[in-house]
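entry06.csv follows (CSV, C-alpha atoms):
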chain,number,residue,atom,x,y,z
A,1,MET,CA,-6.8,-168.4,-75.4
A,2,LEU,CA,-6.1,-166.8,-72.1
A,3,LEU,CA,-9.0,-165.5,-70.0
A,4,VAL,CA,-7.5,-161.9,-70.2
A,5,ASP,CA,-7.5,-162.1,-74.0
A,6,PHE,CA,-11.1,-163.5,-74.0
A,7,LEU,CA,-12.3,-160.6,-71.8
A,8,ARG,CA,-10.5,-158.0,-73.8
A,9,ASP,CA,-10.7,-159.2,-77.4
A,10,GLU,CA,-13.9,-161.3,-77.5
A,11,LEU,CA,-16.0,-159.5,-75.0
A,12,GLY,CA,-14.6,-156.0,-75.5
A,13,LEU,CA,-14.0,-155.5,-71.8
A,14,THR,CA,-10.8,-153.7,-72.0
A,15,GLY,CA,-10.8,-152.5,-68.4
A,16,THR,CA,-8.7,-155.5,-67.5
A,17,HIS,CA,-5.1,-154.8,-68.6
A,18,ILE,CA,-2.1,-156.8,-69.7
A,19,GLY,CA,1.0,-155.5,-68.0
A,20,CYS,CA,3.7,-158.1,-68.0
A,21,ASP,CA,2.2,-161.2,-69.6
A,22,THR,CA,4.2,-163.3,-67.2
A,23,GLY,CA,1.9,-163.4,-64.2
A,24,HIS,CA,3.8,-160.9,-62.0
A,25,CYS,CA,2.2,-157.5,-62.2
A,26,GLY,CA,-1.4,-158.1,-61.4
A,27,ALA,CA,-2.8,-155.6,-64.0
A,28,CYS,CA,-4.9,-158.5,-65.3
A,29,THR,CA,-6.6,-159.2,-61.9
A,30,VAL,CA,-10.3,-160.1,-62.0
A,31,LEU,CA,-12.6,-161.7,-59.5
A,32,MET,CA,-13.4,-165.3,-60.3
A,33,ASN,CA,-16.1,-166.9,-58.1
A,34,GLY,CA,-15.4,-164.1,-55.7
A,35,VAL,CA,-11.7,-164.4,-55.4
A,36,THR,CA,-9.0,-162.4,-57.1
A,37,VAL,CA,-7.0,-164.2,-59.8
A,38,LYS,CA,-4.6,-163.2,-62.5
A,39,SER,CA,-6.6,-163.6,-65.7
A,40,CYS,CA,-3.4,-164.0,-67.7
A,41,LEU,CA,-2.7,-167.2,-66.0
A,42,LEU,CA,-6.0,-168.8,-66.7
A,43,LEU,CA,-7.2,-170.3,-70.0
A,44,ALA,CA,-10.5,-168.9,-71.0
A,45,ALA,CA,-11.9,-172.4,-71.1
A,46,GLN,CA,-11.2,-172.7,-67.4
A,47,ALA,CA,-13.6,-169.9,-66.7
A,48,ASN,CA,-16.5,-172.1,-68.1
A,49,ASN,CA,-19.4,-171.8,-65.7
A,50,ALA,CA,-17.5,-169.4,-63.5
A,51,ASP,CA,-18.7,-166.0,-62.2
A,52,ILE,CA,-16.3,-163.4,-63.4
A,53,GLN,CA,-16.3,-159.8,-62.2
A,54,THR,CA,-14.2,-157.3,-64.0
A,55,ILE,CA,-13.6,-153.6,-63.1
A,56,GLU,CA,-16.5,-152.7,-65.4
A,57,GLY,CA,-18.8,-154.4,-63.0
A,58,LEU,CA,-17.9,-152.4,-59.9
A,59,ALA,CA,-19.7,-149.1,-60.3
A,60,VAL,CA,-23.5,-149.4,-60.1
A,61,GLU,CA,-25.1,-147.3,-62.9
A,62,ASN,CA,-23.5,-143.9,-62.4
A,63,GLU,CA,-22.4,-144.4,-58.9
A,64,LEU,CA,-18.8,-145.2,-58.2
A,65,HIS,CA,-17.9,-147.9,-55.7
A,66,PRO,CA,-16.4,-146.4,-52.5
A,67,ILE,CA,-13.1,-147.8,-53.4
A,68,GLN,CA,-13.1,-146.1,-56.8
A,69,GLU,CA,-14.1,-142.9,-55.1
A,70,ALA,CA,-11.3,-143.2,-52.6
A,71,PHE,CA,-8.8,-143.8,-55.3
A,72,LEU,CA,-9.9,-140.6,-57.1
A,73,GLU,CA,-9.9,-138.6,-53.9
A,74,GLN,CA,-6.5,-139.8,-52.7
A,75,ASN,CA,-4.8,-139.5,-56.0
A,76,ALA,CA,-4.1,-143.2,-56.0
A,77,LEU,CA,-3.6,-143.4,-59.7
A,78,GLN,CA,-1.6,-141.6,-62.4
A,79,CYS,CA,-1.5,-143.5,-65.7
A,80,GLY,CA,-4.3,-145.8,-64.5
A,81,TYR,CA,-2.8,-148.9,-65.9
A,82,CYS,CA,-2.5,-150.9,-62.7
A,83,THR,CA,-5.7,-149.3,-61.3
A,84,PRO,CA,-8.4,-151.8,-62.3
A,85,GLY,CA,-6.4,-154.7,-60.9
A,86,MET,CA,-5.4,-152.7,-57.8
A,87,ILE,CA,-9.0,-151.8,-57.1
A,88,LEU,CA,-10.2,-155.4,-57.4
A,89,SER,CA,-7.4,-156.6,-55.1
A,90,SER,CA,-8.4,-154.0,-52.6
A,91,LEU,CA,-12.0,-155.1,-52.9
A,92,PHE,CA,-11.1,-158.6,-52.1
A,93,LEU,CA,-8.9,-157.5,-49.2
A,94,LEU,CA,-11.6,-155.4,-47.7
A,95,GLN,CA,-14.3,-158.0,-48.1
A,96,ARG,CA,-12.1,-160.3,-46.0
A,97,ASN,CA,-10.7,-157.8,-43.6
A,98,PRO,CA,-12.9,-154.6,-43.3
A,99,ASN,CA,-10.4,-153.0,-41.0
A,100,PRO,CA,-6.9,-153.6,-42.3
A,101,SER,CA,-3.7,-152.0,-40.9
A,102,ASP,CA,-1.4,-150.3,-43.3
A,103,GLU,CA,0.8,-153.4,-43.2
A,104,GLU,CA,-2.1,-155.6,-44.0
A,105,ILE,CA,-3.1,-153.4,-46.9
A,106,LYS,CA,0.4,-153.5,-48.3
A,107,ARG,CA,0.5,-157.3,-48.0
A,108,GLY,CA,-3.0,-157.5,-49.4
A,109,ILE,CA,-2.1,-155.7,-52.6
A,110,ASP,CA,1.4,-157.0,-53.1
A,111,GLY,CA,0.2,-158.9,-56.1
A,112,ASN,CA,-0.3,-155.7,-57.9
A,113,LEU,CA,2.6,-153.6,-59.2
A,114,CYS,CA,2.4,-149.8,-59.8
A,115,ARG,CA,5.1,-147.9,-61.6
A,116,CYS,CA,3.7,-144.4,-61.1
A,117,THR,CA,2.5,-143.7,-57.6
A,118,GLY,CA,4.9,-145.3,-55.2
A,119,TYR,CA,2.0,-147.0,-53.5
A,120,LEU,CA,1.6,-144.5,-50.6
A,121,ASN,CA,-1.6,-142.9,-52.0
A,122,ILE,CA,-2.9,-146.3,-52.9
A,123,VAL,CA,-2.6,-147.4,-49.3
A,124,LYS,CA,-4.3,-144.2,-48.2
A,125,ALA,CA,-7.1,-144.8,-50.6
A,126,VAL,CA,-7.7,-148.3,-49.3
A,127,LYS,CA,-7.7,-146.9,-45.8
A,128,ALA,CA,-10.1,-144.2,-46.8
A,129,ALA,CA,-12.3,-146.7,-48.5
A,130,THR,CA,-12.7,-148.7,-45.3
A,131,VAL,CA,-14.3,-145.7,-43.7
A,132,LYS,CA,-16.6,-145.1,-46.6
A,133,MET,CA,-17.6,-148.8,-46.8
A,134,LYS,CA,-18.4,-148.9,-43.1
A,135,ARG,CA,-20.6,-145.9,-43.5
A,136,THR,CA,-22.5,-147.3,-46.4
A,137,GLY,CA,-22.4,-150.9,-45.2
A,138,THR,CA,-20.9,-152.1,-48.5
B,1,MET,CA,-10.1,-188.9,-61.4
B,2,ASN,CA,-10.3,-191.9,-63.6
B,3,GLU,CA,-10.9,-189.8,-66.6
B,4,ALA,CA,-7.9,-187.6,-65.8
B,5,LEU,CA,-5.6,-190.7,-65.2
B,6,THR,CA,-6.8,-192.3,-68.5
B,7,LEU,CA,-6.1,-189.1,-70.4
B,8,LEU,CA,-2.7,-188.8,-68.8
B,9,SER,CA,-1.8,-192.3,-69.8
B,10,SER,CA,-3.0,-192.0,-73.3
B,11,LYS,CA,-2.1,-188.5,-74.4
B,12,GLU,CA,1.4,-187.9,-75.5
B,13,GLU,CA,3.3,-185.1,-73.7
B,14,ALA,CA,0.3,-184.2,-71.5
B,15,LYS,CA,0.6,-182.1,-68.4
B,16,VAL,CA,-1.8,-181.8,-65.5
B,17,LEU,CA,-3.2,-178.3,-65.0
B,18,ALA,CA,-4.3,-177.5,-61.5
B,19,GLY,CA,-3.7,-173.9,-60.3
B,20,GLY,CA,-1.6,-173.1,-63.3
B,21,GLN,CA,0.4,-170.4,-61.4
B,22,SER,CA,3.6,-172.1,-62.3
B,23,LEU,CA,2.7,-174.1,-65.4
B,24,VAL,CA,0.9,-171.4,-67.4
B,25,THR,CA,3.8,-169.0,-66.5
B,26,LEU,CA,6.3,-171.5,-67.9
B,27,MET,CA,4.2,-171.9,-71.0
B,28,LYS,CA,4.0,-168.1,-71.5
B,29,LEU,CA,7.8,-167.9,-71.2
B,30,ARG,CA,8.0,-170.8,-73.7
B,31,LEU,CA,9.9,-172.9,-71.2
B,32,ALA,CA,7.2,-175.6,-71.3
B,33,ALA,CA,5.1,-176.6,-74.3
B,34,PRO,CA,3.0,-179.6,-73.5
B,35,LYS,CA,0.9,-181.1,-76.3
B,36,ALA,CA,-2.1,-181.4,-74.1
B,37,LEU,CA,-3.3,-180.0,-70.8
B,38,ILE,CA,-5.5,-182.0,-68.5
B,39,ASP,CA,-7.5,-179.6,-66.3
B,40,ILE,CA,-8.2,-181.3,-63.0
B,41,ASN,CA,-9.8,-178.3,-61.2
B,42,GLY,CA,-13.2,-180.0,-61.5
B,43,ILE,CA,-12.1,-183.1,-59.5
B,44,THR,CA,-13.7,-181.9,-56.2
B,45,GLU,CA,-12.7,-185.0,-54.3
B,46,LEU,CA,-9.1,-183.7,-54.5
B,47,ALA,CA,-9.9,-180.6,-52.5
B,48,HIS,CA,-10.4,-181.4,-48.8
B,49,ILE,CA,-8.6,-181.0,-45.4
B,50,HIS,CA,-9.3,-183.5,-42.7
B,51,GLU,CA,-7.8,-185.1,-39.6
B,52,GLU,CA,-7.8,-188.7,-38.8
B,53,GLY,CA,-5.6,-190.9,-36.5
B,54,GLY,CA,-3.1,-188.2,-35.7
B,55,VAL,CA,-2.6,-187.3,-39.4
B,56,ILE,CA,-3.8,-184.3,-41.4
B,57,THR,CA,-4.7,-185.2,-44.9
B,58,VAL,CA,-4.8,-182.4,-47.5
B,59,GLY,CA,-6.1,-183.1,-51.0
B,60,ALA,CA,-3.8,-182.1,-53.8
B,61,LEU,CA,-6.2,-179.4,-55.1
B,62,THR,CA,-6.3,-177.5,-51.9
B,63,ARG,CA,-5.3,-173.9,-52.6
B,64,TYR,CA,-2.5,-172.1,-50.7
B,65,ASP,CA,-5.1,-169.7,-49.3
B,66,GLN,CA,-7.2,-172.5,-47.9
B,67,LEU,CA,-4.1,-174.0,-46.2
B,68,ALA,CA,-3.2,-170.6,-44.7
B,69,GLU,CA,-6.7,-169.8,-43.5
B,70,SER,CA,-7.7,-173.3,-42.3
B,71,SER,CA,-8.1,-173.3,-38.5
B,72,LEU,CA,-7.4,-177.0,-38.4
B,73,ILE,CA,-4.1,-176.6,-40.2
B,74,ARG,CA,-3.1,-173.5,-38.2
B,75,GLU,CA,-3.7,-175.3,-35.0
B,76,LYS,CA,-2.4,-178.8,-35.8
B,77,VAL,CA,0.3,-178.4,-38.4
B,78,PRO,CA,1.1,-174.7,-38.2
B,79,LEU,CA,4.3,-175.0,-40.3
B,80,LEU,CA,2.2,-175.7,-43.3
B,81,ALA,CA,-0.1,-172.8,-42.7
B,82,GLU,CA,2.8,-170.5,-42.2
B,83,ALA,CA,4.6,-171.5,-45.3
B,84,ALA,CA,1.4,-171.3,-47.4
B,85,SER,CA,0.7,-167.8,-46.2
B,86,MET,CA,4.0,-166.7,-47.5
B,87,VAL,CA,3.7,-167.9,-51.1
B,88,ALA,CA,3.8,-165.2,-53.7
B,89,ASP,CA,0.7,-163.0,-53.5
B,90,GLN,CA,-3.0,-163.2,-52.8
B,91,GLN,CA,-4.0,-164.0,-56.4
B,92,VAL,CA,-1.5,-166.8,-56.6
B,93,ARG,CA,-2.6,-168.1,-53.2
B,94,ASN,CA,-6.2,-168.1,-54.3
B,95,ARG,CA,-5.4,-170.4,-57.2
B,96,GLY,CA,-2.2,-172.3,-56.7
B,97,THR,CA,-2.4,-175.7,-55.1
B,98,ILE,CA,-0.3,-177.9,-52.8
B,99,GLY,CA,-0.3,-180.7,-55.3
B,100,GLY,CA,1.0,-178.4,-57.9
B,101,SER,CA,3.6,-176.9,-55.7
B,102,LEU,CA,5.1,-180.3,-54.8
B,103,ALA,CA,4.8,-181.7,-58.3
B,104,HIS,CA,6.6,-178.6,-59.7
B,105,ALA,CA,9.4,-179.1,-57.2
B,106,ASP,CA,11.1,-175.7,-57.3
B,107,PRO,CA,13.6,-175.9,-54.5
B,108,SER,CA,13.1,-172.1,-53.9
B,109,ALA,CA,9.4,-172.6,-53.3
B,110,ASP,CA,7.8,-172.7,-49.9
B,111,LEU,CA,5.7,-175.8,-49.6
B,112,PRO,CA,8.3,-178.4,-50.7
B,113,THR,CA,10.6,-177.2,-48.0
B,114,ALA,CA,7.9,-176.9,-45.4
B,115,CYS,CA,6.4,-180.3,-46.2
B,116,THR,CA,9.9,-181.9,-45.9
B,117,ALA,CA,10.4,-180.4,-42.5
B,118,ALA,CA,6.9,-181.6,-41.5
B,119,ASP,CA,7.8,-185.2,-42.5
B,120,ALA,CA,4.9,-185.3,-44.9
B,121,LYS,CA,4.1,-188.1,-47.2
B,122,ILE,CA,2.7,-187.8,-50.7
B,123,VAL,CA,0.0,-190.1,-52.0
B,124,THR,CA,-0.1,-190.4,-55.8
B,125,MET,CA,-2.5,-192.2,-58.1
B,126,SER,CA,-2.3,-193.8,-61.5
B,127,LEU,CA,-4.5,-196.3,-63.3
B,128,ASN,CA,-2.6,-199.0,-61.5
B,129,GLY,CA,-3.5,-197.8,-58.1
B,130,SER,CA,-1.9,-195.5,-55.5
B,131,ARG,CA,1.4,-195.3,-53.6
B,132,SER,CA,2.7,-193.3,-50.8
B,133,ILE,CA,6.1,-191.5,-51.1
B,134,GLU,CA,8.2,-190.0,-48.4
B,135,MET,CA,9.2,-186.4,-49.0
B,136,SER,CA,12.9,-187.3,-48.9
B,137,ASP,CA,12.4,-189.8,-51.8
B,138,PHE,CA,10.0,-187.5,-53.7
B,139,PHE,CA,12.3,-184.6,-54.7
B,140,ARG,CA,15.0,-185.7,-57.0
B,141,ASP,CA,16.4,-182.6,-58.7
B,142,TYR,CA,15.5,-179.1,-59.8
B,143,PHE,CA,11.8,-179.5,-60.9
B,144,ILE,CA,12.2,-183.3,-61.0
B,145,THR,CA,10.3,-185.6,-58.7
B,146,ALA,CA,9.6,-189.3,-58.3
B,147,LEU,CA,6.2,-188.8,-60.1
B,148,ARG,CA,5.8,-191.2,-63.0
B,149,GLU,CA,4.4,-189.8,-66.2
B,150,ASP,CA,1.1,-191.5,-65.6
B,151,GLU,CA,0.7,-190.3,-62.0
B,152,ILE,CA,-1.2,-187.5,-60.4
B,153,VAL,CA,-0.6,-186.3,-56.8
B,154,LYS,CA,-3.8,-187.2,-54.9
B,155,GLU,CA,-3.1,-185.9,-51.4
B,156,VAL,CA,-0.5,-185.0,-48.8
B,157,ARG,CA,-0.4,-186.5,-45.3
B,158,ILE,CA,1.2,-184.6,-42.5
B,159,PRO,CA,1.6,-186.2,-39.1
B,160,ILE,CA,0.4,-183.9,-36.3
B,161,PRO,CA,3.4,-183.0,-34.1
B,162,PRO,CA,3.0,-184.0,-30.4
B,163,GLN,CA,2.6,-181.6,-27.5
B,164,ARG,CA,5.6,-179.3,-26.8
B,165,SER,CA,6.3,-179.0,-30.5
B,166,GLY,CA,7.1,-175.7,-32.3
B,167,SER,CA,7.9,-174.8,-35.9
B,168,ALA,CA,8.9,-171.9,-38.0
B,169,TYR,CA,9.2,-171.0,-41.6
B,170,LEU,CA,11.5,-168.1,-42.6
B,171,LYS,CA,12.5,-167.0,-45.9
B,172,LEU,CA,14.8,-164.3,-47.1
B,173,THR,CA,13.5,-162.4,-50.2
B,174,ARG,CA,14.1,-159.2,-52.0
B,175,GLY,CA,10.5,-158.1,-52.1
B,176,HIS,CA,7.4,-159.3,-50.3
B,177,ASN,CA,7.0,-163.0,-50.7
B,178,ASP,CA,9.3,-163.5,-53.7
B,179,PHE,CA,10.8,-166.9,-54.2
B,180,ALA,CA,13.3,-167.5,-51.5
B,181,ILE,CA,16.9,-166.5,-51.8
B,182,VAL,CA,17.3,-168.8,-48.9
B,183,SER,CA,14.6,-170.3,-46.7
B,184,VAL,CA,14.4,-172.6,-43.7
B,185,ALA,CA,11.7,-174.7,-42.2
B,186,THR,CA,12.2,-176.0,-38.7
B,187,GLN,CA,10.1,-178.2,-36.6
B,188,LEU,CA,11.1,-179.5,-33.2
B,189,THR,CA,9.7,-181.3,-30.1
B,190,VAL,CA,11.0,-181.0,-26.6
B,191,ASP,CA,10.5,-183.5,-23.9
B,192,ASN,CA,9.7,-183.1,-20.2
B,193,ASN,CA,13.3,-182.2,-19.4
B,194,HIS,CA,13.4,-179.6,-22.2
B,195,LEU,CA,15.7,-181.9,-24.3
B,196,CYS,CA,15.2,-181.8,-28.0
B,197,GLU,CA,13.6,-185.2,-28.8
B,198,ALA,CA,12.9,-184.5,-32.5
B,199,VAL,CA,14.2,-181.8,-34.8
B,200,ASN,CA,14.0,-181.1,-38.5
B,201,VAL,CA,15.8,-178.2,-40.1
B,202,VAL,CA,15.3,-178.1,-43.9
B,203,PHE,CA,16.6,-175.5,-46.3
B,204,GLY,CA,15.2,-174.2,-49.5
B,205,GLY,CA,17.0,-172.3,-52.2
B,206,VAL,CA,20.4,-173.8,-51.5
B,207,ALA,CA,20.3,-177.1,-53.4
B,208,PRO,CA,18.4,-178.8,-56.2
B,209,THR,CA,15.9,-180.0,-53.7
B,210,PRO,CA,14.9,-179.1,-50.1
B,211,LEU,CA,17.8,-180.2,-47.9
B,212,HIS,CA,18.0,-181.3,-44.3
B,213,ALA,CA,20.8,-179.5,-42.3
B,214,LYS,CA,21.9,-182.9,-41.0
B,215,GLU,CA,24.8,-181.7,-38.8
B,216,THR,CA,22.5,-179.1,-37.2
B,217,GLU,CA,19.9,-181.8,-36.5
B,218,ARG,CA,22.5,-184.2,-35.1
B,219,LEU,CA,23.9,-181.5,-32.8
B,220,LEU,CA,20.5,-180.7,-31.3
B,221,LYS,CA,19.1,-184.1,-30.9
B,222,ASN,CA,18.7,-185.2,-27.2
B,223,ARG,CA,20.4,-182.0,-26.0
B,224,LYS,CA,19.0,-178.9,-24.2
B,225,PRO,CA,18.8,-176.1,-26.8
B,226,ASP,CA,20.2,-173.2,-24.9
B,227,GLU,CA,21.6,-170.0,-26.5
B,228,ASN,CA,25.1,-171.5,-26.9
B,229,LEU,CA,23.8,-174.7,-28.5
B,230,LEU,CA,21.6,-172.8,-30.9
B,231,ASN,CA,24.5,-170.6,-32.0
B,232,GLU,CA,26.6,-173.7,-32.5
B,233,ALA,CA,23.8,-175.4,-34.4
B,234,ALA,CA,23.4,-172.4,-36.6
B,235,GLN,CA,27.1,-172.2,-37.4
B,236,VAL,CA,27.2,-175.8,-38.7
B,237,ALA,CA,24.0,-175.4,-40.7
B,238,ALA,CA,25.9,-174.3,-43.7
B,239,ASN,CA,28.3,-177.3,-43.5
B,240,GLY,CA,27.9,-179.5,-46.5
B,241,LEU,CA,25.9,-176.9,-48.4
B,242,SER,CA,27.2,-175.9,-51.8
B,243,PRO,CA,24.6,-173.5,-53.2
B,244,THR,CA,25.0,-172.0,-56.6
B,245,SER,CA,25.4,-168.3,-57.2
B,246,ASP,CA,22.4,-167.2,-59.2
B,247,ILE,CA,20.3,-164.3,-60.2
B,248,ARG,CA,19.1,-163.9,-56.6
B,249,ALA,CA,22.3,-164.0,-54.6
B,250,SER,CA,25.9,-165.3,-54.5
B,251,ALA,CA,26.7,-168.6,-53.0
B,252,ASP,CA,28.6,-167.0,-50.1
B,253,TYR,CA,25.6,-164.8,-49.2
B,254,LYS,CA,23.3,-167.8,-49.3
B,255,LEU,CA,25.6,-169.7,-46.9
B,256,GLU,CA,25.8,-166.8,-44.5
B,257,MET,CA,22.1,-166.2,-44.6
B,258,ALA,CA,21.4,-169.9,-44.1
B,259,LYS,CA,23.1,-169.7,-40.7
B,260,VAL,CA,21.3,-166.6,-39.7
B,261,LEU,CA,17.9,-167.9,-40.7
B,262,THR,CA,18.6,-171.2,-38.9
B,263,LYS,CA,19.3,-169.5,-35.7
B,264,ARG,CA,16.2,-167.4,-35.9
B,265,ALA,CA,13.9,-170.2,-37.0
B,266,LEU,CA,15.2,-172.5,-34.2
B,267,LYS,CA,14.7,-169.8,-31.6
B,268,THR,CA,11.1,-169.2,-32.8
B,269,SER,CA,10.4,-172.9,-32.9
B,270,LEU,CA,11.7,-173.4,-29.4
B,271,ASP,CA,9.7,-170.5,-28.1
B,272,ARG,CA,6.6,-171.9,-29.7
B,273,ALA,CA,7.3,-175.4,-28.4
B,274,MET,CA,7.7,-174.0,-24.8
B,275,GLY,CA,4.8,-171.8,-25.1
B,276,SER,CA,2.6,-174.8,-25.9
B,277,VAL,CA,3.4,-176.4,-22.6
Write the structure described by the file as structure tokens, please.
Amino acid sequence: MLLVDFLRDELGLTGTHIGCDTGHCGACTVLMNGVTVKSCLLLAAQANNADIQTIEGLAVENELHPIQEAFLEQNALQCGYCTPGMILSSLFLLQRNPNPSDEEIKRGIDGNLCRCTGYLNIVKAVKAATVKMKRTGT
Amino acid sequence: MNEALTLLSSKEEAKVLAGGQSLVTLMKLRLAAPKALIDINGITELAHIHEEGGVITVGALTRYDQLAESSLIREKVPLLAEAASMVADQQVRNRGTIGGSLAHADPSADLPTACTAADAKIVTMSLNGSRSIEMSDFFRDYFITALREDEIVKEVRIPIPPQRSGSAYLKLTRGHNDFAIVSVATQLTVDNNHLCEAVNVVFGGVAPTPLHAKETERLLKNRKPDENLLNEAAQVAANGLSPTSDIRASADYKLEMAKVLTKRALKTSLDRAMGSV
């Protein structure tokens, strides 16, 4: 059983999506031990003893994470299918590089495909999130 | 490691699972269907990077991202860091390993080409002991290596290039960090008189395995690489190449791009070699 199937079917955490099933689109992206991975390329058994963070774990109680806020404000999603993976990849990028250039953002999220937005608003959202995160010290 | 090797020897049609970025993808496409998977991610002694006696040793389980970010590798064997940073995407780089990349032996992949140009050696292990294999002997054909069925890649050893060395890894792709249509890895060393005392030019994506551009290398050896020589060297780079036309590009295009990339990579390597004076 793949990790993505375990998360969705066994744990009911359907925020992680299956987009292509061949490891290309990144819709299945989760954080494993703090780094982004494609959960469709991991067997569930390989996550034994690992710390997994899915999109459901990002908002704290009723407060959205700055990245989630920024995505909303910048219209960085339409159908929302790529969004969980896109946000988690953005999170990993910003944790590593709190002040990325546009080019660095594009490279940082190039493991996540979006068929709706054309990416411009996503890049804007990540940029906007850096400001928010600096302010709140996230 | 012993447990893994024992399992590998005893289980029929078993495959070693490391990063899984290639293997699991193949399984999902139904192109691979091993009867057993031996997950070696827990063998921590396979994940290390260290320097000893002019050689950088990288454990097989070292992830692409670790190679790309390691200050030791960026400083001492930058060709490896450069190639590793251009693999696929962040998620793949977080998980995929150097051992897996070499064992998988996709000639359009980045590390096999770069490691060949870096004159790396692979150390493998089986229950019978270990052996060291030169890159040129390791890759046999598309996805076929000298690895025996009971062997696991243990580590990769890369000699640290001397002073006045420069390298470059360039790849032509459709999108960001796709598999290469054509790629080239170059590494050269110039001596006191700015003559080329060592040069490697290795292509990816144009043959069943990474391939040295032998005529180019011959042309440059012991000569001063000025603009004219570099042009000449690039022109002959495609000699002896017979790439296949495939889903990524026609053979003609690959040949033409091989020359272009060779010129650029050599120029960059040279600039870097001079800059390090």
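Take atom CA of Pro208 of chain B and atom CA of Pro34 of chain B: the distance between them is 23.2 Å.
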Residue neighbourhood segment 58-63 of chain A, 12 Å, only C-alpha atoms, exclusion window fewer than 3 positions, as a PyMOL selection string: chain A and resi 15+30-31+52-55+66-69+84-85+87-88+91+138
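Atom CA of Arg131 of chain B sits 19.1 Å away from atom CA of Ile43 of chain B.
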Within 12 Å of chain A: residues of chain B, using only C-alpha atoms, as a PyMOL selection string: chain B and resi 17-31+37-42+63+65-66+69+85-96+175-178
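Taking all atoms listed in the file, the non-local environment of Ala265 of chain B within 7 Å (same-chain residues fewer than 6 positions away omitted) comprises Ala168, Tyr169, Leu170 and Thr186 of chain B.
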Given all atoms listed in the file as the counted atoms, nearest of A:Leu11, A:Leu3, A:Ala27, A:Leu72 to Lys124 of chain A: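 Closest to Lys124 of chain A, using all atoms listed in the file: A:Leu72.
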Selection near Ala185 of chain B, 12 Å with only C-alpha atoms, sequence-local residues under 4 positions removed, as number ranges by chain: B: 78-83, 109-119, 166-172, 180, 199-205, 210-213, 258, 261-266, 268-269
Atomic separation - atom CA of Lys221 of chain B relative to atom CA of Glu197 of chain B, Å: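 Between atom CA of Glu197 of chain B and atom CA of Lys221 of chain B the gap is 6.0 Å.
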Completion step: segment 16-30 of chain A with N, CA and C atoms as a PDB file, keeping the file's coordinate frame:
ATOM      1  N   THR A  16      -9.701-154.613 -68.074  1.00  0.00           N
ATOM      2  CA  THR A  16      -8.700-155.500 -67.500  1.00  0.00           C
ATOM      3  C   THR A  16      -7.457-155.405 -68.437  1.00  0.00           C
ATOM      4  N   HIS A  17      -6.301-155.115 -67.827  1.00  0.00           N
ATOM      5  CA  HIS A  17      -5.100-154.800 -68.600  1.00  0.00           C
ATOM      6  C   HIS A  17      -4.081-155.908 -68.620  1.00  0.00           C
ATOM      7  N   ILE A  18      -3.254-155.893 -69.647  1.00  0.00           N
ATOM      8  CA  ILE A  18      -2.100-156.800 -69.700  1.00  0.00           C
ATOM      9  C   ILE A  18      -0.856-156.017 -69.459  1.00  0.00           C
ATOM     10  N   GLY A  19      -0.191-156.277 -68.337  1.00  0.00           N
ATOM     11  CA  GLY A  19       1.000-155.500 -68.000  1.00  0.00           C
ATOM     12  C   GLY A  19       2.293-156.140 -68.285  1.00  0.00           C
ATOM     13  N   CYS A  20       2.403-157.422 -67.916  1.00  0.00           N
ATOM     14  CA  CYS A  20       3.700-158.100 -68.000  1.00  0.00           C
ATOM     15  C   CYS A  20       3.625-159.332 -68.882  1.00  0.00           C
ATOM     16  N   ASP A  21       2.467-159.925 -68.913  1.00  0.00           N
ATOM     17  CA  ASP A  21       2.200-161.200 -69.600  1.00  0.00           C
ATOM     18  C   ASP A  21       2.945-162.366 -69.019  1.00  0.00           C
ATOM     19  N   THR A  22       3.562-162.191 -67.866  1.00  0.00           N
ATOM     20  CA  THR A  22       4.200-163.300 -67.200  1.00  0.00           C
ATOM     21  C   THR A  22       3.742-163.578 -65.817  1.00  0.00           C
ATOM     22  N   GLY A  23       2.570-163.073 -65.511  1.00  0.00           N
ATOM     23  CA  GLY A  23       1.900-163.400 -64.200  1.00  0.00           C
ATOM     24  C   GLY A  23       2.484-162.686 -63.014  1.00  0.00           C
ATOM     25  N   HIS A  24       3.207-161.599 -63.199  1.00  0.00           N
ATOM     26  CA  HIS A  24       3.800-160.900 -62.000  1.00  0.00           C
ATOM     27  C   HIS A  24       3.112-159.659 -61.612  1.00  0.00           C
ATOM     28  N   CYS A  25       2.573-158.882 -62.564  1.00  0.00           N
ATOM     29  CA  CYS A  25       2.200-157.500 -62.200  1.00  0.00           C
ATOM     30  C   CYS A  25       0.809-157.335 -61.686  1.00  0.00           C
ATOM     31  N   GLY A  26      -0.088-158.246 -61.964  1.00  0.00           N
ATOM     32  CA  GLY A  26      -1.400-158.100 -61.400  1.00  0.00           C
ATOM     33  C   GLY A  26      -2.362-157.189 -62.148  1.00  0.00           C
ATOM     34  N   ALA A  27      -1.927-156.585 -63.229  1.00  0.00           N
ATOM     35  CA  ALA A  27      -2.800-155.600 -64.000  1.00  0.00           C
ATOM     36  C   ALA A  27      -3.997-156.381 -64.532  1.00  0.00           C
ATOM     37  N   CYS A  28      -3.878-157.671 -64.690  1.00  0.00           N
ATOM     38  CA  CYS A  28      -4.900-158.500 -65.300  1.00  0.00           C
ATOM     39  C   CYS A  28      -5.892-159.058 -64.265  1.00  0.00           C
ATOM     40  N   THR A  29      -5.776-158.616 -63.035  1.00  0.00           N
ATOM     41  CA  THR A  29      -6.600-159.200 -61.900  1.00  0.00           C
ATOM     42  C   THR A  29      -8.060-159.006 -62.154  1.00  0.00           C
ATOM     43  N   VAL A  30      -8.807-160.110 -61.995  1.00  0.00           N
ATOM     44  CA  VAL A  30     -10.300-160.100 -62.000  1.00  0.00           C
ATOM     45  C   VAL A  30     -10.740-160.905 -60.817  1.00  0.00           C
TER      46      VAL A  30
END
